[in-house]
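Reviewing the structure listed below.
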Amino acid sequence: MVVSTCLVTGGAGFLGSHLCDALVARGHRVLCVDNLDTGSLVNIEHIRVPEFSHINCDITEPCFIDEPVDFVYHLASPASPIDYLRLPLHTLKVGSYGTHHALGLAKFKRARFLLASTSEVYGDPQVHPQKESYWGHVNPIGPRGVYDEAKRYGEAMTMAYHSQQGVDTAIARIFNTYGPRMRPHDGRAIPTFLRQALASRPITVYGDGSQTRSFCYVADLIRGLIGLAESGYHEPVNIGNPDEFTLLELAEAVKEATGSDSEIIFEALPVDDPKQRQPDIGLAREVLDWSPEVSLREGLHRTIEEAGVEALVG
Ligand code: UDP
């Protein structure tokens, strides 16, 4: 294997830190760029090798790197609905200026660039499951618009750098992912349900719990991202687990995995909450020979075991 230098924006976040781990384990040099807005040094504290360094830099400003770079993985962004609602302008800026700077860096270094895009580009989808050819159904001025449109703009800019300037780019559309290092108060369904179940508190299902999501274990997701970065593919590719669950089914699965007898309570559904979501991963299977291996049940057990109850309860 050729050893590469990989720059990971958002490298101290949940997905970013797992990506740094995997790249270091493969023997690469890793430059983790993170301003620690929603990421944390705790996530990368264990990576103590000379091939790894953290650069405290906000990618919404230009970032100068004094060495060759082979891959730029652009993951930096608030990614949880409560974070992008709290930081709407910063979410728009990191998706626009941040992606511009990360692409500029990749162009200057002649690096392969991977944009971490999202299933949110499909909005509240009217086509099910979602294939990459679906254009989506997004409310640009709704509360989720700042994230969805920032990522859609990021995709447009990535394709423009590729087609107009010849930058070697890839776009991963990441579906709901979970695993150790998600913040207990990050607001997303799995860390919230685990925190509530482990503390024997009521599990808060929004709406009637009939909305669906498809949850991918982090190790599978990271394998997909690296596979895509190391392929020569340029068009967007869905990376996610196609096993689809209602939120009520998820709450039951969390109760079973934790052995909790928490009651399930129902709270108001957030505005523009997508009713269903399931990736069609035919393209990832075909071009990357990738598919997820970890079931929801196993992934929940692995999360509890690897993170530990204390970290999950927060
Ligand atoms: N959700 C819920 N209870 C919670 C947190 C989230 O029922 O305490 C629901 C939320 O309304 C959505 C689903 O879980 O329908 C997934 O939400 P999450 O924030 O994890 O991801 P996203 O909405 O971005 O897919």
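Each chain of the structure tokens is named A, B, ... in the order shown, its residues numbered from 1; ligands are numbered from 1 in display order.
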
Requested in this report: Using DSSP on the backbone coordinates, identify the residues of stretch 119-264 of chain A assigned to helix (DSSP H, G or I); present them as a PyMOL selection string.
Outcome: chain A and resi 119-122+145-165+189-198+218-229+247-258

Each residue of chain A lying at most 8 Å from ligand 1 should get a row with its shortest atom-to-atom pair and the distance in Å to one decimal, counting only C-alpha atoms and all ligand atoms; could you produce that, ordered by chain and increasing number, as a tab-separated table?
```
residue	atom	partner	partner_atom_place_in_ligand_line	distance
A:Ala79	CA	ligand 1	24 (O)	7.8
A:Ser80	CA	ligand 1	19 (O)	6.1
A:Pro81	CA	ligand 1	19 (O)	5.7
A:Ile82	CA	ligand 1	19 (O)	7.8
A:Glu120	CA	ligand 1	24 (O)	7.3
A:Phe175	CA	ligand 1	25 (O)	7.7
A:Asn176	CA	ligand 1	25 (O)	5.9
A:Gly187	CA	ligand 1	5 (C)	5.6
A:Arg188	CA	ligand 1	20 (O)	3.4
A:Ala189	CA	ligand 1	5 (C)	3.8
A:Ile190	CA	ligand 1	20 (O)	6.2
A:Thr192	CA	ligand 1	8 (O)	5.3
A:Phe193	CA	ligand 1	8 (O)	6.4
A:Ile203	CA	ligand 1	8 (O)	7.1
A:Thr204	CA	ligand 1	8 (O)	4.8
A:Val205	CA	ligand 1	7 (O)	3.5
A:Tyr206	CA	ligand 1	7 (O)	3.6
A:Gly207	CA	ligand 1	7 (O)	6.8
A:Gly209	CA	ligand 1	7 (O)	6.3
A:Gln211	CA	ligand 1	15 (O)	5.7
A:Thr212	CA	ligand 1	15 (O)	6.8
A:Arg213	CA	ligand 1	16 (C)	6.4
A:Leu247	CA	ligand 1	7 (O)	5.9
A:Leu248	CA	ligand 1	7 (O)	7.9
A:Phe266	CA	ligand 1	7 (O)	7.9
A:Glu267	CA	ligand 1	7 (O)	7.7
A:Leu269	CA	ligand 1	11 (O)	5.6
A:Pro270	CA	ligand 1	11 (O)	5.9
A:Asp273	CA	ligand 1	15 (O)	5.6
A:Pro274	CA	ligand 1	15 (O)	6.5
A:Lys275	CA	ligand 1	15 (O)	6.9
A:Arg277	CA	ligand 1	25 (O)	7.9
```

Print the selection's residues with N, CA and C atoms to a file, as a CSV table (one decimal), in the first residue's frame.
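Saved result, part-v7.csv, follows:
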```csv
chain,number,residue,atom,x,y,z
A,79,ALA,N,-23.7,18.8,12.2
A,79,ALA,CA,-24.4,17.8,11.5
A,79,ALA,C,-25.7,17.3,12.2
A,80,SER,N,-25.9,17.8,13.4
A,80,SER,CA,-27.1,17.4,14.1
A,80,SER,C,-28.1,18.5,14.0
A,81,PRO,N,-29.4,18.2,13.8
A,81,PRO,CA,-30.4,19.2,13.7
A,81,PRO,C,-30.3,20.3,14.8
A,82,ILE,N,-30.1,19.9,16.0
A,82,ILE,CA,-30.0,20.9,17.1
A,82,ILE,C,-28.8,21.8,16.9
A,120,GLU,N,-29.7,14.4,3.5
A,120,GLU,CA,-30.6,15.6,3.6
A,120,GLU,C,-30.7,16.3,2.3
A,175,PHE,N,-25.9,8.7,4.9
A,175,PHE,CA,-27.2,8.5,5.6
A,175,PHE,C,-27.0,8.4,7.1
A,176,ASN,N,-28.0,8.4,7.9
A,176,ASN,CA,-27.9,8.4,9.4
A,176,ASN,C,-26.9,7.3,9.8
A,187,GLY,N,-28.7,15.3,20.4
A,187,GLY,CA,-30.1,15.5,19.9
A,187,GLY,C,-30.5,14.5,18.9
A,188,ARG,N,-29.6,13.7,18.4
A,188,ARG,CA,-30.1,12.7,17.4
A,188,ARG,C,-30.7,11.5,18.1
A,189,ALA,N,-31.5,10.8,17.3
A,189,ALA,CA,-32.3,9.7,17.9
A,189,ALA,C,-31.5,8.7,18.7
A,190,ILE,N,-30.4,8.1,18.1
A,190,ILE,CA,-29.8,7.0,18.8
A,190,ILE,C,-29.1,7.4,20.0
A,192,THR,N,-29.7,9.9,21.9
A,192,THR,CA,-30.8,10.4,22.8
A,192,THR,C,-31.4,9.1,23.5
A,193,PHE,N,-31.8,8.2,22.6
A,193,PHE,CA,-32.5,7.0,23.2
A,193,PHE,C,-31.6,6.2,24.1
A,203,ILE,N,-38.2,7.4,27.0
A,203,ILE,CA,-37.6,7.6,25.7
A,203,ILE,C,-38.6,8.5,24.9
A,204,THR,N,-38.0,9.6,24.4
A,204,THR,CA,-38.9,10.6,23.7
A,204,THR,C,-38.9,10.3,22.2
A,205,VAL,N,-40.0,9.8,21.8
A,205,VAL,CA,-40.3,9.6,20.3
A,205,VAL,C,-41.0,10.8,19.8
A,206,TYR,N,-40.6,11.4,18.7
A,206,TYR,CA,-41.2,12.5,18.2
A,206,TYR,C,-42.3,12.1,17.2
A,207,GLY,N,-43.5,12.8,17.2
A,207,GLY,CA,-44.6,12.4,16.4
A,207,GLY,C,-45.2,11.1,16.9
A,209,GLY,N,-44.0,8.2,15.8
A,209,GLY,CA,-43.0,7.2,15.7
A,209,GLY,C,-43.0,6.4,14.4
A,211,GLN,N,-42.4,7.6,11.4
A,211,GLN,CA,-41.3,8.1,10.5
A,211,GLN,C,-40.2,7.1,10.5
A,212,THR,N,-39.5,6.9,9.4
A,212,THR,CA,-38.5,5.9,9.3
A,212,THR,C,-37.1,6.5,9.0
A,213,ARG,N,-36.1,5.8,9.4
A,213,ARG,CA,-34.7,6.1,9.1
A,213,ARG,C,-34.0,4.8,8.9
A,247,LEU,N,-39.2,4.9,13.9
A,247,LEU,CA,-38.6,5.4,15.2
A,247,LEU,C,-39.1,4.6,16.4
A,248,LEU,N,-40.3,4.1,16.3
A,248,LEU,CA,-40.8,3.3,17.4
A,248,LEU,C,-40.1,2.0,17.4
A,266,PHE,N,-44.4,10.3,23.8
A,266,PHE,CA,-44.5,10.9,22.4
A,266,PHE,C,-44.4,12.4,22.6
A,267,GLU,N,-43.6,13.1,21.8
A,267,GLU,CA,-43.5,14.5,21.8
A,267,GLU,C,-43.7,15.1,20.4
A,269,LEU,N,-43.5,16.4,16.7
A,269,LEU,CA,-42.6,16.2,15.6
A,269,LEU,C,-42.0,17.5,15.2
A,270,PRO,N,-40.6,17.6,15.0
A,270,PRO,CA,-40.0,18.8,14.6
A,270,PRO,C,-40.5,19.2,13.2
A,273,ASP,N,-39.6,17.5,9.5
A,273,ASP,CA,-38.9,16.2,9.8
A,273,ASP,C,-39.2,15.2,8.7
A,274,PRO,N,-38.2,14.7,7.9
A,274,PRO,CA,-38.5,13.8,6.8
A,274,PRO,C,-39.3,12.5,7.3
A,275,LYS,N,-40.3,12.1,6.5
A,275,LYS,CA,-41.2,11.0,6.9
A,275,LYS,C,-40.6,9.7,6.7
A,277,ARG,N,-36.8,7.5,5.0
A,277,ARG,CA,-35.5,7.7,4.5
A,277,ARG,C,-34.8,6.3,4.4
```

**Report entry** atom CA of A:Ala257 to atom CA of A:Leu300, distance in Å rounded to a single decimal
**Finding:**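 So the two atoms, atom CA of A:Ala257 and atom CA of A:Leu300, lie 6.5 Å apart.
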
Report the closest atom pair, with its distance in Å rounded to one decimal, for each residue of stretch 151-216 of chain A that has an atom no farther than 10 Å from stretch 223-240 of chain A; count only C-alpha atoms, sort by chain and then rising residue number, and write it as CSV.
```
residue,atom,partner,partner_atom,distance
A:Glu155,CA,A:Pro236,CA,8.3
A:Thr158,CA,A:His234,CA,9.5
A:Met159,CA,A:His234,CA,8.1
A:His162,CA,A:His234,CA,8.1
A:Ser163,CA,A:His234,CA,9.8
A:Val167,CA,A:His234,CA,9.9
A:Asp168,CA,A:His234,CA,7.4
A:Thr169,CA,A:His234,CA,5.6
A:Ala170,CA,A:His234,CA,4.6
A:Ile171,CA,A:Pro236,CA,4.5
A:Ala172,CA,A:Val237,CA,5.1
A:Arg173,CA,A:Asn238,CA,4.6
A:Ile174,CA,A:Ile239,CA,5.1
A:Phe175,CA,A:Gly240,CA,4.9
A:Asn176,CA,A:Gly240,CA,7.0
A:Thr177,CA,A:Gly240,CA,7.4
A:Ser214,CA,A:Gly240,CA,7.3
A:Phe215,CA,A:Gly240,CA,7.1
A:Cys216,CA,A:Gly240,CA,5.4
```

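Of the listed residues (A:Ala22, A:Gly314, A:Thr118, A:Lys107), A:Thr118 comes nearest to A:Gln130; the distances count only C-alpha atoms.
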
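Using only C-alpha atoms, the smallest distance between any of A:Val121, A:Cys63, A:Val72, A:Val271 and A:Gly142 comes from A:Val271.
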
Report task. Find the residues near A:Ser53: any atom within 10 Å, counting only C-alpha atoms, skip ones fewer than 2 places away on the same chain, and give them as a PyMOL selection string. Result -> chain A and resi 7+29-33+44+47-51+55-56

Resulting file, chosen residues, C-alpha atoms, as a PDB file, in the first residue's frame:
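Contents of the output file again-v9.pdb:
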```
ATOM      1  CA  LEU A   7      -6.247  15.944   5.469  1.00  0.00           C
ATOM      2  CA  ARG A  29      -0.179  10.479   7.655  1.00  0.00           C
ATOM      3  CA  VAL A  30      -3.252  12.344   8.892  1.00  0.00           C
ATOM      4  CA  LEU A  31      -3.743  16.095   9.299  1.00  0.00           C
ATOM      5  CA  CYS A  32      -6.867  16.708  11.348  1.00  0.00           C
ATOM      6  CA  VAL A  33      -8.247  20.208  10.734  1.00  0.00           C
ATOM      7  CA  ILE A  44      -8.715  12.308  19.112  1.00  0.00           C
ATOM      8  CA  ILE A  47      -4.299   9.073  18.635  1.00  0.00           C
ATOM      9  CA  ARG A  48      -0.735   9.523  19.814  1.00  0.00           C
ATOM     10  CA  VAL A  49       1.455   8.749  16.817  1.00  0.00           C
ATOM     11  CA  PRO A  50       3.868  11.090  15.007  1.00  0.00           C
ATOM     12  CA  GLU A  51       1.941  10.564  11.742  1.00  0.00           C
ATOM     13  CA  ILE A  55      -4.447  21.826  13.250  1.00  0.00           C
ATOM     14  CA  ASN A  56      -6.818  24.199  15.009  1.00  0.00           C
TER      15      ASN A  56
END
```
